Structures are given as C-alpha cells and as structure tokens.
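Just coords_20.cif here, mmCIF, C-alpha atoms:
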```cif
data_start
#
loop_
_atom_site.label_atom_id
_atom_site.label_comp_id
_atom_site.auth_asym_id
_atom_site.auth_seq_id
_atom_site.Cartn_x
_atom_site.Cartn_y
_atom_site.Cartn_z
CA MET A 8 185.98 104.33 214.66
CA THR A 9 186.73 107.92 215.61
CA GLY A 10 188.95 109.94 217.88
CA GLU A 11 192.29 108.33 217.06
CA PRO A 12 195.32 110.12 218.48
CA ALA A 13 198.11 111.17 216.14
CA ARG A 14 200.73 109.37 218.23
CA THR A 15 200.72 107.08 221.23
CA ARG A 16 203.08 104.86 223.16
CA ALA A 17 202.55 101.10 222.93
CA VAL A 18 201.54 99.88 226.36
CA PHE A 19 198.99 97.05 226.17
CA THR A 20 199.38 93.33 225.48
CA ALA A 21 197.00 91.78 222.93
CA ALA A 22 194.86 89.09 224.57
CA VAL A 23 191.75 87.14 223.67
CA ASP A 24 188.79 85.88 225.67
CA GLN A 25 187.86 82.29 224.85
CA ALA A 26 184.35 83.48 223.98
CA THR A 27 185.87 84.86 220.77
CA ALA A 28 186.72 81.30 219.70
CA GLY A 29 183.73 79.65 221.38
CA TYR A 30 183.45 78.28 224.90
CA ARG A 31 183.21 74.66 223.78
CA LEU A 32 186.43 74.72 221.79
CA PRO A 33 188.89 72.50 223.70
CA LEU A 34 191.96 74.16 225.13
CA ALA A 35 194.11 71.76 223.12
CA GLU A 36 192.76 73.48 219.98
CA LEU A 37 192.37 77.00 221.34
CA VAL A 38 195.97 77.44 222.51
CA PRO A 39 197.63 76.57 219.16
CA ALA A 40 195.10 78.67 217.24
CA ALA A 41 195.62 81.65 219.55
CA GLY A 42 199.39 81.32 219.33
CA ARG A 43 199.31 81.21 215.52
CA ALA A 44 196.97 84.20 215.43
CA GLY A 45 199.41 86.26 217.50
CA PHE A 46 197.82 86.30 220.96
CA PRO A 47 200.40 85.77 223.73
CA VAL A 48 197.76 85.96 226.48
CA LEU A 49 194.49 84.07 226.95
CA GLU A 50 191.48 84.54 229.20
CA VAL A 51 189.88 81.14 229.70
CA PRO A 52 187.00 79.82 231.80
CA ALA A 53 187.80 77.61 234.77
CA PHE A 54 185.91 74.66 233.30
CA ALA A 55 188.08 74.67 230.15
CA LEU A 56 191.23 74.46 232.24
CA THR A 57 189.75 71.72 234.42
CA ASP A 58 188.68 69.67 231.40
CA HIS A 59 192.12 69.91 229.80
CA ARG A 60 193.98 68.93 232.97
CA ARG A 61 191.64 65.99 233.50
CA THR A 62 192.64 64.60 230.11
CA TRP A 63 196.27 65.69 229.74
CA GLY A 64 197.43 66.38 233.28
CA GLN A 65 199.36 69.33 234.67
CA HIS A 66 202.50 68.52 232.69
CA GLY A 67 200.53 68.33 229.46
CA LEU A 68 199.01 71.76 230.08
CA VAL A 69 202.37 73.36 230.85
CA CYS A 70 203.91 71.82 227.72
CA LEU A 71 201.00 73.00 225.56
CA LEU A 72 201.35 76.60 226.74
CA GLU A 73 205.14 76.61 226.40
CA ARG A 74 205.08 75.04 222.95
CA HIS A 75 202.84 77.77 221.58
CA GLN A 76 204.29 80.62 223.70
CA VAL A 77 200.93 81.44 225.22
CA ARG A 78 200.11 82.15 228.85
CA ILE A 79 196.83 82.32 230.76
CA GLY A 80 196.43 85.86 232.06
CA GLN A 81 193.02 85.53 233.65
CA LEU A 82 190.71 82.74 234.74
CA SER A 83 187.03 83.56 234.30
CA CYS A 84 184.61 81.69 236.51
CA GLY A 85 181.40 82.12 234.55
CA THR A 86 178.26 84.15 235.10
CA GLY A 87 176.82 81.82 237.77
CA ILE A 88 178.51 80.00 240.62
CA PRO A 89 181.14 80.89 241.83
CA ALA A 90 181.68 84.20 240.02
CA ASP A 91 178.31 86.00 240.04
CA LEU A 92 178.33 88.32 243.05
CA THR A 93 174.52 88.49 243.05
CA VAL A 94 173.52 84.82 243.30
CA PRO A 95 170.73 84.07 245.81
CA ALA A 96 171.83 83.83 249.44
CA ALA A 97 171.05 80.09 249.54
CA GLN A 98 173.64 79.51 246.80
CA TRP A 99 176.37 81.70 248.27
CA PRO A 100 177.98 79.03 250.53
CA GLN A 101 178.35 76.78 247.48
CA ALA A 102 179.83 79.69 245.54
CA THR A 103 182.51 80.30 248.17
CA VAL A 104 183.53 76.62 248.19
CA ARG A 105 183.87 76.54 244.42
CA TRP A 106 185.73 79.85 244.48
CA GLN A 107 188.36 78.26 246.70
CA ALA A 108 188.81 75.53 244.11
CA ALA A 109 189.05 78.08 241.30
CA CYS A 110 191.77 79.97 243.19
CA ARG A 111 193.78 76.79 243.66
CA LEU A 112 193.39 76.04 239.96
CA ALA A 113 194.59 79.48 238.89
CA ALA A 114 197.57 79.38 241.22
CA SER A 115 198.57 75.92 239.97
CA VAL A 116 199.10 77.21 236.41
CA GLY A 117 200.67 80.54 237.28
CA CYS A 118 197.59 82.54 236.31
CA PRO A 119 197.74 85.82 238.29
CA ARG A 120 194.05 86.76 238.46
CA LEU A 121 190.44 85.65 238.34
CA SER A 122 187.34 87.55 237.29
CA LEU A 123 184.06 88.12 239.08
CA PHE A 124 180.79 89.14 237.41
CA VAL A 125 177.98 91.60 238.16
CA PRO A 126 175.00 91.09 235.78
CA ARG A 127 172.93 93.83 234.16
CA LYS A 128 170.00 93.50 236.59
CA ALA A 129 172.14 94.02 239.71
CA ALA A 130 171.28 97.05 241.84
CA ASP A 131 172.54 96.29 245.37
CA ALA A 132 175.95 97.94 245.68
CA GLU A 133 176.31 96.91 249.33
CA GLN A 134 175.84 93.23 248.51
CA VAL A 135 178.37 93.39 245.68
CA ALA A 136 180.97 95.12 247.87
CA VAL A 137 180.57 92.70 250.79
CA ARG A 138 180.80 89.62 248.59
CA LEU A 139 183.67 91.08 246.61
CA ARG A 140 185.58 91.63 249.85
CA GLN A 141 185.00 88.02 250.90
CA LEU A 142 186.13 86.44 247.63
CA ALA A 143 188.99 88.86 247.01
CA ARG A 144 190.46 88.02 250.42
CA VAL A 145 190.35 84.33 249.55
CA ALA A 146 192.12 85.04 246.26
CA ALA A 147 194.73 87.18 248.02
CA ASP A 148 195.55 84.22 250.26
CA HIS A 149 196.65 82.49 247.03
CA ALA A 150 198.59 85.60 245.88
CA LEU A 151 195.96 86.28 243.20
CA GLU A 152 194.29 89.46 241.99
CA VAL A 153 190.58 89.80 241.25
CA SER A 154 188.94 91.84 238.48
CA VAL A 155 185.25 92.72 238.71
CA GLU A 156 183.29 92.83 235.46
CA MET A 157 180.26 95.09 235.93
CA HIS A 158 177.49 95.08 233.35
CA ALA A 159 174.83 96.65 235.59
CA PRO A 160 173.85 100.15 234.41
CA ALA A 161 172.69 100.97 237.95
CA LEU A 162 176.08 100.11 239.46
CA LEU A 163 178.60 101.19 236.83
CA PRO A 164 178.59 104.84 238.04
CA GLN A 165 179.30 103.49 241.56
CA ALA A 166 182.04 101.04 240.57
CA VAL A 167 184.87 102.94 242.28
CA GLU A 168 182.83 103.34 245.46
CA VAL A 169 182.13 99.60 245.47
CA LEU A 170 185.88 98.95 245.27
CA ARG A 171 186.57 101.38 248.09
CA HIS A 172 183.91 99.79 250.25
CA ALA A 173 185.31 96.33 249.58
CA ALA A 174 188.71 97.66 250.74
CA VAL A 175 190.86 94.87 249.30
CA PRO A 176 193.93 96.23 247.48
CA THR A 177 194.21 93.17 245.22
CA ALA A 178 190.74 93.81 243.73
CA GLY A 179 190.12 96.05 240.73
CA LEU A 180 187.85 96.58 237.78
CA LEU A 181 187.53 94.69 234.53
CA VAL A 182 186.77 97.51 232.10
CA ASP A 183 184.57 96.29 229.26
CA VAL A 184 184.44 99.14 226.75
CA THR A 185 181.43 97.74 224.92
CA ALA A 186 179.51 97.06 228.13
CA LEU A 187 179.93 100.72 229.03
CA ALA A 188 178.46 101.80 225.70
CA LEU A 189 175.60 99.31 226.04
CA ALA A 190 174.84 100.79 229.46
CA GLY A 191 174.47 104.23 227.85
CA LEU A 192 177.84 105.57 229.04
CA ASP A 193 180.54 107.25 226.97
CA PRO A 194 183.50 104.89 227.50
CA ALA A 195 186.38 107.38 227.22
CA PRO A 196 185.32 109.91 229.92
CA TYR A 197 184.10 107.09 232.18
CA ILE A 198 187.50 105.39 232.01
CA ALA A 199 189.39 108.69 232.31
CA ALA A 200 187.61 109.36 235.63
CA LEU A 201 188.83 106.08 237.17
CA PRO A 202 191.58 106.48 239.78
CA PRO A 203 195.10 105.16 239.16
CA GLY A 204 195.37 101.45 239.82
CA ALA A 205 191.62 100.77 239.60
CA VAL A 206 191.82 98.68 236.41
CA ARG A 207 193.15 95.09 236.39
CA TRP A 208 191.91 93.79 233.00
CA ALA A 209 190.09 95.08 229.92
CA HIS A 210 187.75 93.73 227.26
CA LEU A 211 187.52 95.29 223.81
CA ALA A 212 184.95 94.94 221.07
CA ASP A 213 182.97 97.27 218.83
CA LEU A 214 179.33 97.89 217.98
CA PRO A 215 177.83 98.37 214.50
CA GLN A 216 175.60 101.09 215.98
CA LEU A 217 174.89 102.51 219.41
CA PRO A 218 171.99 100.95 221.36
CA ALA A 219 168.66 102.70 221.08
CA ALA A 220 167.83 105.09 223.91
CA GLY A 221 165.46 103.59 226.43
CA GLY A 222 166.47 99.98 225.88
CA GLY A 223 165.35 97.59 223.18
CA GLU A 224 167.43 94.98 221.42
CA GLN A 225 171.15 95.36 221.96
CA PRO A 226 173.42 95.33 218.91
CA ARG A 227 175.78 92.39 218.57
CA ARG A 228 179.48 92.90 219.17
CA VAL A 229 181.84 93.09 216.21
CA LEU A 230 185.63 93.12 216.00
CA PRO A 231 187.43 96.28 217.17
CA GLY A 232 187.53 98.85 214.40
CA ALA A 233 184.56 97.37 212.55
CA GLY A 234 181.98 99.55 214.29
CA CYS A 235 181.28 103.02 215.59
CA LEU A 236 182.80 103.15 219.07
CA PRO A 237 185.66 105.62 219.76
CA LEU A 238 188.06 102.85 220.75
CA ALA A 239 191.26 104.86 220.38
CA ARG A 240 189.92 107.48 222.78
CA ALA A 241 188.92 104.73 225.21
CA LEU A 242 192.39 103.13 225.05
CA THR A 243 194.03 106.53 225.51
CA ALA A 244 191.92 107.03 228.64
CA LEU A 245 192.77 103.52 229.82
CA ARG A 246 196.47 104.24 229.43
CA GLY A 247 195.93 107.42 231.43
CA THR A 248 194.78 105.38 234.46
CA GLY A 249 198.20 103.73 234.57
CA PHE A 250 196.93 100.38 233.34
CA SER A 251 199.49 98.54 231.22
CA GLY A 252 198.22 94.98 231.14
CA PRO A 253 196.34 92.76 228.70
CA VAL A 254 193.43 94.04 226.62
CA ALA A 255 191.34 91.07 225.51
CA VAL A 256 189.19 90.91 222.40
CA GLU A 257 185.76 89.58 223.38
CA VAL A 258 183.54 89.02 220.35
CA PRO A 259 181.51 85.86 221.04
CA ARG A 260 181.47 83.37 218.20
CA GLY A 261 178.76 80.79 217.65
CA GLU A 262 179.14 77.16 216.73
CA PRO A 263 179.92 74.98 214.83
CA TYR A 264 183.69 75.16 215.01
CA GLY A 265 185.98 74.61 212.07
CA PRO A 266 188.52 76.39 209.89
CA GLY A 267 186.54 79.60 210.30
CA THR A 268 187.35 79.65 214.01
CA ALA A 269 191.09 80.03 213.44
CA ALA A 270 190.45 82.67 210.78
CA HIS A 271 188.23 84.57 213.22
CA LEU A 272 191.02 84.55 215.82
CA THR A 273 193.51 85.81 213.25
CA ARG A 274 191.17 88.67 212.29
CA ALA A 275 190.67 89.42 215.99
CA ALA A 276 194.43 89.68 216.57
CA ARG A 277 194.90 91.89 213.53
CA SER A 278 192.14 94.20 214.71
CA LEU A 279 194.44 95.09 217.60
CA THR A 280 197.96 94.76 216.24
CA GLY A 281 197.59 95.37 212.50
CA GLY A 282 195.17 98.29 212.19
CA PRO A 283 194.58 101.78 213.57
CA LEU A 284 194.88 100.50 217.16
CA ALA A 285 198.28 98.89 216.61
CA ALA A 286 200.20 101.78 218.16
CA PHE A 287 198.68 100.89 221.53
CA PHE A 288 199.97 97.31 221.56
CA THR A 289 203.44 95.97 222.32
CA PRO A 290 204.34 93.23 219.79
CA GLY A 291 204.45 89.88 221.55
CA GLY A 292 203.47 91.42 224.86
CA ASP A 293 205.75 92.39 227.70
CA ARG A 294 203.73 91.12 230.65
#
```
Go through the file and emit its structure as structure tokens.
Amino acid sequence: MTGEPARTRAVFTAAVDQATAGYRLPLAELVPAAGRAGFPVLEVPAFALTDHRRTWGQHGLVCLLERHQVRIGQLSCGTGIPADLTVPAAQWPQATVRWQAACRLAASVGCPRLSLFVPRKAADAEQVAVRLRQLARVAADHALEVSVEMHAPALLPQAVEVLRHAAVPTAGLLVDVTALALAGLDPAPYIAALPPGAVRWAHLADLPQLPAAGGGEQPRRVLPGAGCLPLARALTALRGTGFSGPVAVEVPRGEPYGPGTAAHLTRAARSLTGGPLAAFFTPGGDR
C-alpha cells in the first residue's frame, strides 16, 4: 500500500459487508462475531434480515443488535431482483414490488439506506438513471437513502451524470475502491473528482496485483493493506468529498463456516482500525 499521508483526521466508521463473513452465515452468528471483532456497523442482504425476523421476530432482532452494540447501516438487495437496475423489462414490475417490501423492511429496523447495483456489462446510462429515479423516490417515501454501486466500466465515468439525470437528492454513489481499480481507473483521482455529497457508502478491499490491461482474469480481493492499491490516497480523496459515513470491508469469504470465520472478521476489522489506515477511523464509530 502506498501514498499514505503523514497525518489525517479520523472521520470514517469501520463497517463490514456480510460477504466478508459469507452470505449464508445466519445473522444470529454474524452480529456477535462482528461485534467482537470491533465492527459497530453492518451491511447485510435483505434476505438475511428476513430470515432472522422469521425465526426470532422483530423484538429478537432488536435485542440481538443492542446486546452486541451493532447497527445495520445499509441493506443490500442483491445483484438480481429488486436491486439490479438493468434487469430485463419483463422483470422490472416484479422488481419494483419487491423493492417496496425491502424499503419497509429497512425502515422497520432503523436502517437508513439501501443499495442498488449496476453490473459490469451495463452500458445504458439512460435506463440506469430512469430506474434509479423510480426506486429512489419509493425509498424517499420511507425516509430512506439509496446508494448506487456501479461496477460497469462503461458507466463509471458517467456516474455523476447518471445521478444528476435521476434528480433525486436522497440518491448517491456507493464508492467501491476495488471495483474502480478493476475497471482500469485510478481510485484516488476518480473519487477526488466527485462533487460534495455524491457519496453515501463505501466499500474497501485490496488487490494482490492490478488487473492485466485488456481484460483477462481478475485478481481476487484481499484485506485492506495486504495488496498494492493506494488505499490511503483513496480514503483521503473520499474525505475530501465531505463523506463521513461507514466504510465497509468487502472481501468475500467462501464456505464452510467455522472458527476461521470469526478470525477473518477480526483481521478485517484490524485492517482498518489497527494498521496504517487507523488514523482514518473513529474508534467505535460516531454515526
């Protein structure tokens, strides 16, 4: 990791995406493990929250979060229905119905935002903007924000224009530092060029090496600080946009689950709060 500043002001809250523990790990196990690891904020998929409430009820969920001093900062709705803004037109009515349900779910647990997804093959900026406007307005009716996670190399340079075209003030970008690098962009100057208020959430991981020019197999994500990306420069740029919310480690972990899962979460937390990036993070989180 290169480009670390000599000094910085702590501004971000350490968070973790459930992918880092594994999507099939029950919330009843994820929340205690995340709390012990030192993550005050979680990003969880809608289905995990639904499954837990079906078994333990609303009161059980609230008690679980309070007991381990963890809160859900963002609800992710998957890469298909209802969150993928590029699903075929025949599936879009179903997506909007399920999005309504996801918004009600987020609001019921005090989660302030949901994420939407734009896959790597996407190229139609107009479609993304129109659908973003539709779903973001629904979320706003529930007093929720929306963050858009773009992985499409063709659309990442147009991300701010897509937001402007959508024209919904409660919608913003989910900045995935690694996705920017995988798309062939330099994360720090890309983020620095974003206007104030454009970012609503961030994902952080590292890469063992940069992807080969012209495509080919993409390198697997590793924990922040274990690779070659200039993460400190990227976080400095992110701070410069005025963003001061959660930055979530997203390093997908395979199955099976066991003691190694908790250890992986602990290493993930320490990669933010116990190493060279620690100066960026407020202990315990302030949001």
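The closest residue to Thr93 of chain A, picked from A:Gln81, A:Gln134, A:Gln76, A:Ser115 and counting only C-alpha atoms, is A:Gln134.
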Residues of segment 173-261 of chain A at most 12 Å from segment 126-133 of chain A: nearest atom pair and distance in Å, all atoms listed in the file, as a tab-separated table:
```
residue	atom	partner	partner_atom	distance
A:Ala173	CA	A:Glu133	CA	9.0
A:Ala186	CA	A:Arg127	CA	9.5
A:Leu187	CA	A:Arg127	CA	11.1
A:Leu189	CA	A:Arg127	CA	10.2
A:Ala190	CA	A:Arg127	CA	8.6
```
Notebook entry, point to check: Between A:Ala97, A:Ala219, A:Leu279, A:Val38, which has the minimum distance to Arg74 of chain A (counting all atoms listed in the file)?
Noted result: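 Looking at the shortest contact to Arg74 of chain A, the residue is A:Val38.
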Give me the residues of segment 139-222 of chain A that have any atom at most 12 Å from an atom of segment 269-276 of chain A; for each, the nearest atom pair and the distance in Å, rounded to one decimal. Use all atoms listed in the file, sort by chain and number, and format it as CSV.
```
residue,atom,partner,partner_atom,distance
A:Leu211,CA,A:Ala275,CA,10.3
A:Ala212,CA,A:Ala275,CA,9.4
A:Asp213,CA,A:Ala275,CA,11.4
```
Check: So, counting only C-alpha atoms, which residue among A:Pro283, A:Gly204, A:Pro231, A:Pro215 is closest to Thr248 of chain A?
Finding: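 Closest candidate: A:Gly204.
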Notebook entry, point to check: Using only C-alpha atoms, which of A:Gly191, A:Pro259, A:Gly267, A:Gly281 sits nearest Val229 of chain A?
Noted result: A:Pro259
Checklist line | d(atom CA of Pro47 of chain A, atom CA of Gly252 of chain A) in Å | finding: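 Computed distance, atom CA of Pro47 of chain A to atom CA of Gly252 of chain A, equals 12.0 Å.
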Next item on the list: Could you check which of A:Phe250, A:Gln141, A:Val256, A:Ala161 is closest to Thr185 of chain A, using only C-alpha atoms?
Entry: A:Val256
Note to self: List the spatial neighbours of Arg140 of chain A as an MDAnalysis selection string - criterion: any atom at most 7 Å away, all atoms listed in the file, same-chain residues fewer than 4 positions off excluded.
What the structure shows: chainID A and resid 136 144 173:175
